[in-house]
>>> print(open('upload11.csv').read())   # CSV, C-alpha atoms and all ligand atoms
chain,number,residue,atom,x,y,z
A,268,MET,CA,-17.4,-4.2,-25.0
A,269,GLN,CA,-15.7,-2.2,-27.8
A,270,ASP,CA,-13.1,-3.8,-30.0
A,271,PHE,CA,-10.0,-1.8,-29.0
A,272,SER,CA,-7.6,-4.2,-30.7
A,273,LYS,CA,-9.0,-2.9,-33.9
A,274,THR,CA,-8.7,0.7,-32.8
A,275,GLU,CA,-5.1,0.1,-31.7
A,276,ARG,CA,-4.3,-1.5,-34.9
A,277,GLU,CA,-5.6,1.5,-36.8
A,278,LEU,CA,-3.5,3.8,-34.6
A,279,SER,CA,-0.5,1.6,-35.2
A,280,LEU,CA,-1.0,1.4,-38.9
A,281,ASN,CA,-1.8,5.0,-39.5
A,282,PRO,CA,0.3,7.7,-37.8
A,283,SER,CA,-2.0,10.4,-39.2
A,284,VAL,CA,-4.6,9.2,-36.7
A,285,ALA,CA,-2.2,10.1,-33.9
A,286,ASP,CA,-1.8,13.5,-35.6
A,287,GLU,CA,-5.6,13.9,-35.8
A,288,VAL,CA,-6.1,13.1,-32.1
A,289,THR,CA,-3.4,15.6,-31.2
A,290,ALA,CA,-4.9,18.3,-33.5
A,291,ARG,CA,-8.2,17.8,-31.7
A,292,VAL,CA,-6.6,18.5,-28.3
A,293,VAL,CA,-4.7,21.5,-29.5
A,294,ALA,CA,-7.8,22.9,-31.2
A,295,HIS,CA,-9.8,22.3,-28.1
A,296,TYR,CA,-7.3,24.2,-26.0
A,297,GLY,CA,-7.4,27.0,-28.7
A,298,SER,CA,-11.2,27.2,-28.3
A,299,LEU,CA,-10.8,28.4,-24.7
A,300,SER,CA,-10.8,32.1,-24.0
A,301,LYS,CA,-7.9,33.7,-22.2
A,302,PHE,CA,-10.5,34.6,-19.5
A,303,THR,CA,-11.1,30.9,-18.8
A,304,LYS,CA,-10.2,30.0,-15.2
A,305,GLY,CA,-6.6,29.0,-14.9
A,306,TYR,CA,-5.7,30.0,-18.5
A,307,PRO,CA,-2.0,31.0,-18.5
A,308,LYS,CA,-1.0,34.6,-19.1
A,309,ASP,CA,0.6,35.6,-22.4
A,310,LEU,CA,4.1,35.3,-21.2
A,311,GLU,CA,3.7,32.1,-19.2
A,312,SER,CA,4.3,28.5,-20.2
A,313,THR,CA,3.0,25.1,-18.9
A,314,VAL,CA,2.4,21.5,-19.9
A,315,LEU,CA,-0.9,20.4,-21.4
A,316,ALA,CA,-2.3,16.9,-21.1
A,317,ALA,CA,-5.6,15.4,-22.2
A,318,PHE,CA,-7.4,12.1,-22.1
A,319,VAL,CA,-9.1,11.4,-25.4
A,320,HIS,CA,-11.5,8.6,-26.2
A,321,VAL,CA,-11.1,7.0,-29.6
A,322,GLY,CA,-14.0,4.9,-30.7
A,323,PRO,CA,-13.6,1.8,-32.9
A,324,THR,CA,-13.6,2.3,-36.7
A,325,THR,CA,-16.3,0.7,-38.8
A,326,ALA,CA,-15.3,-1.9,-41.3
A,327,ASP,CA,-15.9,0.4,-44.3
A,328,SER,CA,-14.1,3.4,-42.9
A,329,GLN,CA,-10.4,4.1,-43.0
A,330,SER,CA,-10.5,7.2,-40.8
A,331,ILE,CA,-11.4,7.3,-37.1
A,332,ASN,CA,-14.1,9.9,-36.8
A,333,ASN,CA,-15.1,9.0,-33.3
A,334,ILE,CA,-12.5,11.0,-31.4
A,335,GLN,CA,-13.7,12.9,-28.3
A,336,VAL,CA,-11.6,15.0,-25.9
A,337,ILE,CA,-12.8,13.9,-22.5
A,338,THR,CA,-10.6,15.8,-20.0
A,339,MET,CA,-7.8,18.3,-20.3
A,340,ALA,CA,-5.4,19.9,-17.7
A,341,THR,CA,-2.4,22.1,-17.5
A,342,GLY,CA,0.3,22.2,-14.8
A,343,THR,CA,3.9,21.6,-13.9
A,344,ARG,CA,4.1,21.7,-10.1
A,345,CYS,CA,3.8,19.4,-7.1
A,346,VAL,CA,3.2,20.2,-3.4
A,347,GLY,CA,6.1,19.2,-1.2
A,348,LEU,CA,5.9,16.6,1.6
A,349,TRP,CA,5.2,18.6,4.7
A,350,SER,CA,3.3,21.6,3.5
A,351,ASP,CA,-0.3,21.5,4.8
A,352,SER,CA,0.0,17.9,5.8
A,353,SER,CA,-3.2,18.1,7.8
A,354,ASN,CA,-5.1,18.7,4.6
A,355,ILE,CA,-3.6,15.8,2.6
A,356,PRO,CA,-6.8,14.2,1.4
A,357,LYS,CA,-8.4,17.6,0.7
A,358,SER,CA,-5.7,18.9,-1.6
A,359,VAL,CA,-4.5,17.9,-5.0
A,360,ARG,CA,-0.9,17.5,-4.2
A,361,ASP,CA,0.4,16.5,-7.6
A,362,CYS,CA,-0.5,19.2,-10.1
A,363,HIS,CA,1.4,17.9,-13.2
A,364,ALA,CA,-0.9,18.1,-16.2
A,365,GLU,CA,-1.0,14.3,-16.8
A,366,VAL,CA,-2.0,13.6,-13.2
A,367,LEU,CA,-4.7,16.3,-13.1
A,368,ALA,CA,-6.2,15.1,-16.5
A,369,ARG,CA,-6.3,11.6,-15.1
A,370,ARG,CA,-8.0,12.7,-11.8
A,371,ALA,CA,-10.6,14.6,-13.9
A,372,LEU,CA,-11.1,11.4,-15.9
A,373,LEU,CA,-11.9,9.6,-12.7
A,374,VAL,CA,-14.6,12.2,-11.8
A,375,HIS,CA,-15.9,12.0,-15.4
A,376,ALA,CA,-16.2,8.2,-15.0
A,377,TRP,CA,-18.1,8.5,-11.7
A,378,ARG,CA,-20.5,11.0,-13.3
A,379,GLU,CA,-21.1,8.6,-16.2
A,380,LEU,CA,-22.0,5.9,-13.7
A,381,GLU,CA,-24.3,8.2,-11.8
A,382,SER,CA,-26.1,9.0,-15.1
A,383,GLY,CA,-26.6,5.3,-15.7
A,384,ARG,CA,-24.1,5.2,-18.6
A,385,THR,CA,-21.3,2.7,-18.9
A,386,VAL,CA,-17.6,3.7,-19.1
A,387,PRO,CA,-15.8,2.2,-22.0
A,388,GLU,CA,-13.0,-0.1,-21.1
A,389,ASP,CA,-10.9,0.5,-24.2
A,390,GLY,CA,-10.0,3.4,-26.5
A,391,TRP,CA,-8.3,5.6,-24.0
A,392,VAL,CA,-5.4,7.8,-25.3
A,393,LEU,CA,-3.3,10.2,-23.2
A,394,VAL,CA,-2.0,13.2,-25.2
A,395,ILE,CA,0.9,15.3,-23.6
A,396,SER,CA,2.6,18.4,-24.9
A,397,GLN,CA,6.1,17.0,-24.0
A,398,PRO,CA,7.6,13.8,-22.8
A,399,PRO,CA,6.4,13.0,-19.2
A,400,CYS,CA,8.8,13.9,-16.4
A,401,GLY,CA,11.1,11.1,-15.1
A,402,ASP,CA,12.5,8.3,-17.2
A,403,ALA,CA,11.0,9.4,-20.5
A,404,CYS,CA,13.3,12.5,-20.3
A,405,VAL,CA,16.5,10.7,-19.5
A,406,PRO,CA,18.7,10.4,-22.6
A,407,ALA,CA,19.6,7.0,-24.0
A,408,ARG,CA,22.9,5.7,-22.9
A,409,GLY,CA,25.9,6.6,-25.1
A,410,LYS,CA,24.2,9.7,-26.3
A,411,ASP,CA,26.0,13.0,-25.8
A,412,LEU,CA,24.3,14.4,-22.7
A,413,THR,CA,25.1,18.0,-23.5
A,414,THR,CA,23.5,17.8,-26.9
A,415,CYS,CA,20.5,15.9,-25.5
A,416,SER,CA,19.9,18.4,-22.8
A,417,GLU,CA,19.8,21.3,-25.3
A,418,ASP,CA,17.2,19.5,-27.5
A,419,ALA,CA,15.1,17.4,-25.1
A,420,PRO,CA,13.2,18.3,-22.0
A,421,THR,CA,15.0,17.7,-18.7
A,422,THR,CA,13.3,15.4,-16.2
A,423,GLY,CA,13.3,17.6,-13.1
A,424,ALA,CA,12.6,14.4,-11.2
A,425,HIS,CA,15.2,12.7,-8.9
A,426,ALA,CA,16.0,9.0,-8.6
A,427,VAL,CA,14.5,7.5,-5.5
A,428,ARG,CA,17.0,7.5,-2.6
A,429,GLY,CA,18.4,4.1,-1.9
A,430,THR,CA,18.2,3.1,-5.6
A,431,VAL,CA,21.2,1.1,-6.7
A,432,ILE,CA,23.1,3.6,-8.8
A,433,ASP,CA,25.1,2.8,-11.8
A,434,PRO,CA,28.4,1.0,-11.0
A,435,HIS,CA,30.2,3.3,-13.5
A,436,GLY,CA,29.5,6.2,-11.2
A,437,GLU,CA,27.3,8.1,-13.5
A,438,PRO,CA,25.1,10.7,-11.7
A,439,SER,CA,21.8,9.0,-11.1
A,440,ASP,CA,19.9,11.8,-13.0
A,441,PHE,CA,21.3,10.2,-16.2
A,442,VAL,CA,20.8,6.6,-15.4
A,443,PRO,CA,18.0,5.2,-17.5
A,444,ALA,CA,15.0,3.2,-16.4
A,445,LEU,CA,15.0,4.2,-12.7
A,446,VAL,CA,11.9,5.3,-10.9
A,447,ARG,CA,12.0,8.9,-9.8
A,448,THR,CA,10.1,11.4,-7.5
A,449,LYS,CA,9.0,14.8,-8.5
A,450,PRO,CA,10.6,17.8,-6.9
A,451,GLY,CA,8.2,19.7,-4.5
A,452,ARG,CA,8.0,23.4,-3.8
A,453,GLY,CA,10.6,23.9,-1.0
A,454,HIS,CA,10.2,20.4,0.3
A,455,PRO,CA,10.8,17.1,-1.5
A,456,SER,CA,7.7,15.4,-2.8
A,457,LEU,CA,6.6,11.8,-2.4
A,458,SER,CA,4.9,11.9,-5.8
A,459,MET,CA,6.4,9.5,-8.4
A,460,SER,CA,7.3,11.0,-11.7
A,461,CYS,CA,4.7,11.1,-14.5
A,462,SER,CA,6.7,8.4,-16.5
A,463,ASP,CA,6.3,6.1,-13.5
A,464,LYS,CA,2.6,6.9,-12.9
A,465,ILE,CA,1.8,6.4,-16.6
A,466,ALA,CA,3.7,3.0,-16.5
A,467,LYS,CA,1.4,2.0,-13.6
A,468,TRP,CA,-1.7,3.1,-15.5
A,469,ALA,CA,-0.6,1.1,-18.5
A,470,VAL,CA,-0.1,-2.1,-16.3
A,471,CYS,CA,-2.9,-1.8,-13.7
A,472,GLY,CA,-5.5,0.4,-15.5
A,473,ILE,CA,-6.3,4.1,-15.4
A,474,GLN,CA,-9.4,3.7,-13.3
A,475,GLY,CA,-7.7,3.2,-9.9
A,476,ALA,CA,-9.1,1.3,-6.9
A,477,LEU,CA,-12.4,3.0,-6.1
A,478,LEU,CA,-13.9,2.7,-9.6
A,479,THR,CA,-12.7,-0.9,-9.8
A,480,VAL,CA,-14.9,-1.7,-6.8
A,481,CYS,CA,-17.9,-0.7,-9.0
A,482,GLY,CA,-16.7,-2.9,-11.8
A,483,VAL,CA,-15.1,-0.2,-14.0
A,484,ARG,CA,-12.0,-1.0,-16.0
A,485,MET,CA,-10.3,1.5,-18.2
A,486,ARG,CA,-7.2,0.5,-20.2
A,487,LEU,CA,-4.6,2.9,-21.5
A,488,GLY,CA,-4.2,2.2,-25.2
A,489,ALA,CA,-1.7,4.8,-26.3
A,490,VAL,CA,0.3,7.8,-25.3
A,491,ILE,CA,1.0,10.6,-27.8
A,492,VAL,CA,3.5,13.3,-27.2
A,493,THR,CA,2.6,16.4,-29.3
A,494,GLN,CA,6.1,17.3,-30.4
A,495,GLN,CA,8.9,15.5,-32.1
A,496,HIS,CA,12.3,15.9,-30.5
A,497,ALA,CA,15.3,14.2,-32.1
A,498,GLN,CA,16.2,12.5,-28.8
A,499,SER,CA,12.8,11.8,-27.4
A,500,ALA,CA,11.5,8.7,-29.1
A,501,GLU,CA,13.9,6.2,-27.6
A,502,PRO,CA,13.6,7.3,-23.9
A,503,LEU,CA,9.8,7.4,-24.4
A,504,ARG,CA,9.7,3.8,-25.6
A,505,ARG,CA,12.0,2.7,-22.8
A,506,ALA,CA,10.0,4.5,-20.0
A,507,LEU,CA,6.5,3.4,-21.1
A,508,ILE,CA,7.0,0.1,-22.8
A,509,GLU,CA,10.4,-1.6,-22.5
A,510,ARG,CA,10.9,-1.2,-18.7
A,511,LEU,CA,7.4,-2.6,-17.8
A,512,PRO,CA,7.3,-6.0,-16.2
A,513,LYS,CA,7.2,-8.9,-18.7
A,514,GLY,CA,3.7,-9.8,-19.8
A,515,SER,CA,2.3,-6.3,-19.2
A,516,PRO,CA,-0.4,-5.0,-21.5
A,517,GLN,CA,1.2,-3.2,-24.5
A,518,ILE,CA,0.4,0.4,-25.1
A,519,SER,CA,1.5,2.2,-28.3
A,520,VAL,CA,3.6,5.4,-28.0
A,521,TRP,CA,3.6,8.2,-30.6
A,522,THR,CA,5.2,11.5,-31.2
A,523,SER,CA,3.1,13.8,-33.4
A,524,SER,CA,4.2,16.5,-35.8
A,525,VAL,CA,1.2,18.7,-35.1
A,526,ALA,CA,1.9,22.3,-34.2
A,527,CYS,CA,1.9,22.7,-30.4
A,528,PHE,CA,-0.4,24.7,-28.1
A,529,PRO,CA,0.4,28.4,-27.5
A,530,HIS,CA,1.8,28.0,-24.0
A,531,CYS,CA,4.0,25.0,-24.7
A,532,MET,CA,6.9,25.0,-22.2
A,533,LEU,CA,9.4,23.5,-24.7
A,534,CYS,CA,8.6,26.1,-27.4
A,535,HIS,CA,8.9,28.9,-24.9
A,536,LYS,CA,11.8,28.0,-22.6
A,537,GLU,CA,12.4,31.6,-21.6
A,538,ARG,CA,8.9,32.0,-20.1
A,539,LEU,CA,7.9,31.7,-16.5
A,540,HIS,CA,6.0,28.5,-15.6
A,541,CYS,CA,2.4,29.2,-14.8
A,542,GLY,CA,1.6,28.4,-11.2
A,543,ILE,CA,-2.1,27.9,-11.8
A,544,SER,CA,-3.5,24.7,-13.2
A,545,LEU,CA,-6.6,24.6,-15.5
A,546,VAL,CA,-8.8,21.5,-15.2
A,547,TRP,CA,-11.5,20.8,-17.7
A,548,SER,CA,-13.8,17.9,-18.5
A,549,VAL,CA,-16.6,17.2,-21.1
A,550,SER,CA,-18.8,16.4,-18.1
A,551,GLY,CA,-18.7,19.9,-16.7
A,552,ILE,CA,-15.5,20.4,-14.7
A,553,LEU,CA,-13.9,23.8,-15.1
A,554,GLU,CA,-11.5,24.7,-12.3
A,555,ALA,CA,-8.3,26.6,-11.6
A,556,ILE,CA,-6.2,25.0,-9.0
A,557,ASN,CA,-3.4,26.9,-7.2
A,558,SER,CA,-0.6,24.4,-7.4
A,559,LYS,CA,1.1,25.8,-4.3
A,560,HIS,CA,-1.7,24.6,-2.0
A,561,GLY,CA,-3.5,22.1,-4.2
A,562,THR,CA,-6.8,23.9,-3.6
A,563,LEU,CA,-9.0,26.2,-5.8
A,564,GLN,CA,-7.3,29.4,-7.0
A,565,GLY,CA,-8.6,32.3,-5.0
A,566,ALA,CA,-9.3,30.4,-1.7
A,567,THR,CA,-7.6,32.1,1.2
A,568,ARG,CA,-5.2,30.1,3.4
A,569,ALA,CA,-7.7,30.2,6.3
A,570,LYS,CA,-10.4,28.7,4.1
A,571,SER,CA,-8.2,26.2,2.3
A,572,GLY,CA,-9.6,23.2,4.2
A,573,GLN,CA,-13.2,24.2,3.8
A,574,ASP,CA,-15.5,22.6,1.3
A,575,ALA,CA,-15.9,25.5,-1.1
A,576,ALA,CA,-12.1,25.7,-1.5
A,577,LEU,CA,-11.7,22.1,-2.5
A,578,SER,CA,-11.3,20.9,-6.1
A,579,VAL,CA,-13.8,18.3,-7.3
A,580,ILE,CA,-10.9,16.1,-8.3
A,581,SER,CA,-9.3,16.0,-4.7
A,582,PRO,CA,-9.3,12.6,-3.1
A,583,TYR,CA,-11.7,13.8,-0.4
A,584,LYS,CA,-14.3,15.1,-2.9
A,585,ILE,CA,-14.1,12.0,-5.1
A,586,LEU,CA,-14.7,9.8,-2.0
A,587,THR,CA,-17.5,11.9,-0.4
A,588,VAL,CA,-19.3,13.1,-3.5
A,589,HIS,CA,-19.0,10.1,-5.8
A,590,ALA,CA,-17.4,6.9,-4.5
A,591,SER,CA,-19.0,6.6,-1.0
A,592,PRO,CA,-22.7,6.6,-2.1
A,593,LYS,CA,-22.0,4.5,-5.1
A,594,ILE,CA,-19.9,1.9,-3.3
A,595,ALA,CA,-22.1,1.8,-0.2
A,596,HIS,CA,-25.0,1.1,-2.5
A,597,PHE,CA,-23.0,-1.5,-4.5
A,598,LEU,CA,-22.1,-3.3,-1.2
A,599,SER,CA,-25.6,-2.8,0.4
A,600,LEU,CA,-24.0,-1.0,3.3
A,601,PRO,CA,-25.6,1.9,5.2
A,602,LEU,CA,-23.8,5.1,4.1
A,603,GLN,CA,-23.1,6.2,7.6
A,604,GLU,CA,-21.3,2.9,8.3
A,605,PHE,CA,-19.4,3.2,5.1
A,606,LEU,CA,-18.2,6.8,5.9
A,607,LYS,CA,-16.4,5.4,9.0
A,608,MET,CA,-14.3,3.1,6.9
A,609,ASP,CA,-10.6,3.9,6.5
A,610,TYR,CA,-9.7,5.1,3.0
A,611,HIS,CA,-7.0,2.5,2.8
A,612,ASN,CA,-9.6,-0.3,3.5
A,613,VAL,CA,-12.1,1.1,1.0
A,614,LYS,CA,-9.4,0.9,-1.7
A,615,GLY,CA,-8.6,-2.6,-0.4
A,616,LEU,CA,-12.1,-3.7,-1.5
A,617,ALA,CA,-10.7,-3.7,-5.1
A,618,VAL,CA,-9.0,-7.0,-4.5
A,619,SER,CA,-7.9,-7.6,-8.1
A,620,TYR,CA,-6.7,-4.1,-8.7
A,621,CYS,CA,-4.7,-4.1,-5.5
A,622,ALA,CA,-3.2,-7.4,-6.4
A,623,SER,CA,-2.1,-6.1,-9.8
A,624,VAL,CA,-0.6,-3.0,-8.2
A,625,GLU,CA,1.3,-5.2,-5.7
A,626,ALA,CA,2.6,-7.4,-8.5
A,627,PHE,CA,3.7,-4.3,-10.5
A,628,LYS,CA,5.6,-2.8,-7.5
A,629,ALA,CA,7.3,-6.1,-6.8
A,630,GLN,CA,9.4,-5.9,-9.9
A,631,ALA,CA,12.4,-3.7,-10.6
A,632,PRO,CA,12.7,-0.8,-11.1
A,633,PHE,CA,9.2,-0.3,-9.7
A,634,ASP,CA,10.1,-2.1,-6.4
A,635,GLN,CA,11.7,1.3,-5.5
A,636,TRP,CA,8.3,3.0,-5.6
A,637,VAL,CA,8.1,5.3,-2.6
A,638,VAL,CA,5.9,4.2,0.3
A,639,ARG,CA,3.9,7.2,1.6
A,640,PRO,CA,3.3,7.9,5.3
A,641,PRO,CA,0.1,6.5,6.8
A,642,SER,CA,-1.5,10.0,6.9
A,643,PHE,CA,-1.9,9.8,3.1
A,644,THR,CA,-4.1,6.7,3.2
A,645,HIS,CA,-5.3,6.1,6.7
A,646,TRP,CA,-8.2,8.6,7.1
A,647,ASN,CA,-11.9,8.4,6.9
A,648,VAL,CA,-14.6,10.9,6.0
A,649,LYS,CA,-16.0,11.2,9.5
A,650,HIS,CA,-12.6,12.0,11.0
A,651,ILE,CA,-11.7,14.5,8.3
A,652,THR,CA,-15.0,16.3,8.5
A,653,THR,CA,-14.8,16.8,12.3
A,654,GLN,CA,-11.1,17.8,12.1
A,655,LYS,CA,-11.5,21.3,10.6
B,701,ZN,ZN,5.2,15.2,-14.7
>>> encode(input="upload11.csv", output="structure tokens")
Amino acid sequence: MQDFSKTERELSLNPSVADEVTARVVAHYGSLSKFTKGYPKDLESTVLAAFVHVGPTTADSQSINNIQVITMATGTRCVGLWSDSSNIPKSVRDCHAEVLARRALLVHAWRELESGRTVPEDGWVLVISQPPCGDACVPARGKDLTTCSEDAPTTGAHAVRGTVIDPHGEPSDFVPALVRTKPGRGHPSLSMSCSDKIAKWAVCGIQGALLTVCGVRMRLGAVIVTQQHAQSAEPLRRALIERLPKGSPQISVWTSSVACFPHCMLCHKERLHCGISLVWSVSGILEAINSKHGTLQGATRAKSGQDAALSVISPYKILTVHASPKIAHFLSLPLQEFLKMDYHNVKGLAVSYCASVEAFKAQAPFDQWVVRPPSFTHWNVKHITTQK
């Protein structure tokens, strides 16, 4: 196991390391050609997110030279609740950059396991080109909201219905520390805001249930936002550190002064948001996802449920291509038997992970986390395959 406490201490002690990590991500984006799948057009803007692995420093070295960009994604959109509901497990419904970069990280981890390598538990850093949507974009109380909204990004996300709203009658969009859902396209979405999802990764691990079954644990060590905004540091700390349940693992949160990437949404507010998401990983993923349908760009509507149209980071692909064979082998179950298992029950095999998620969602404000309809989790590969 790597000594992340040391890495984290270095990050804490030396803000230039955060700048170096950010610079690597921006340079990596810059190394892509404009002909890369999913690369935004000249007059478009988007959000960029990346997972970076920062290795431990050696005792005689002050600089961290073991920085590797593992996954990267762009995107700002989320599929609404009722569009294409029959294809739920086959599409990538939440196409915000942070969520896509994390799903690509899951596939990367499965590929590492399949190659006989281990996945490091520590050293994982999330870099984002602006504060994540949701609570991290809600100005601190007492601040002039008009001034804030001119300088800081707006959340776009809405407080979960039924949440107890501020007794002073403030509009809920300005009440800090609430959990929020992302807006969908035409329909409301059931996806929690990126601030909420990152909070969950910080507490329960980035690896999710399926990798946990195979003994993988990946801890989020730090979040870096690539741009400094006068109003952004306080909400960022509140959203990702202070509102977490007592006793949660501590992550560090940074804003960096490195120049941003060319399609930054905050630097180019006048531009149209790019509707295509680019997903990349060091382990070979390079995809463009149409964020309207959550399937590969270029797939026709008629073909959108078919295998060739599906992203490798969709829940269906992750389960069939990676998780099923590995977990069946791990549990010494015949694969055919395993494929009949309900997705919800497969996730339930990760007893410790599920318990930590349950504990996380039992505490305010996360007790308002939206419960999704059964169609999201009660499906199995056999049923989906024959449904077409
Ligand atoms: Zn978001």
>>> closest_residue(input="upload11.csv", among="A:Pro282, A:Met339, A:Ser382, A:Gln397", to="ligand ZN 701 (chain B)", atoms="only C-alpha atoms and all ligand atoms")
A:Gln397
>>> atom_distance(input="upload11.csv", atom1="atom CA of His560 of chain A", atom2="atom CA of Lys614 of chain A")
24.9 Å
>>> residues_around(input="upload11.csv", residues="Ile508 of chain A", least_positions_apart="5", cutoff="9 Å", atoms="only C-alpha atoms", output="compact mmCIF listing (two decimals) with C-alpha atoms, in the coordinates of the input")
# COMPACT_ATOMS: atom_id res chain seq x y z
CA ALA A 466 3.70 3.00 -16.50
CA ALA A 469 -0.60 1.10 -18.50
CA LEU A 503 9.80 7.40 -24.40
CA SER A 515 2.30 -6.30 -19.20
CA GLN A 517 1.20 -3.20 -24.50
CA ILE A 518 0.40 0.40 -25.10
CA SER A 519 1.50 2.20 -28.30
CA VAL A 520 3.60 5.40 -28.00
>>> residues_near_ligand(input="upload11.csv", ligand="ligand ZN 701 (chain B)", cutoff="6 Å", atoms="all atoms listed in the file", output="number ranges by chain")
A: 363, 399-400, 460-461
>>> residues_near_point(input="upload11.csv", point="(-4.2, 20.6, -16.9)", cutoff="7 Å", atoms="only C-alpha atoms", output="ChimeraX atom specification")
/A:315-316,339-342,364,367-368,544-546
>>> atom_distance(input="upload11.csv", atom1="atom CA of Ile651 of chain A", atom2="atom CA of Ser558 of chain A")
21.6 Å
>>> residues_around(input="upload11.csv", residues="segment 470-480 of chain A", least_positions_apart="5", cutoff="6 Å", atoms="all atoms listed in the file", output="list in words")
Met485, Arg486, Ser515, Pro516, Lys614, Ala617 and Ser623 of chain A
>>> closest_residue(input="upload11.csv", among="A:Ala489, A:Val359, A:Ala576, A:Leu299", to="Asp389 of chain A", atoms="all atoms listed in the file")
A:Ala489
>>> residues_around(input="upload11.csv", residues="Ser458 of chain A", least_positions_apart="6", cutoff="7 Å", atoms="only C-alpha atoms", output="number ranges by chain")
A: 361, 448-449
>>> atom_distance(input="upload11.csv", atom1="atom CA of Gly488 of chain A", atom2="atom CA of Glu501 of chain A")
18.7 Å
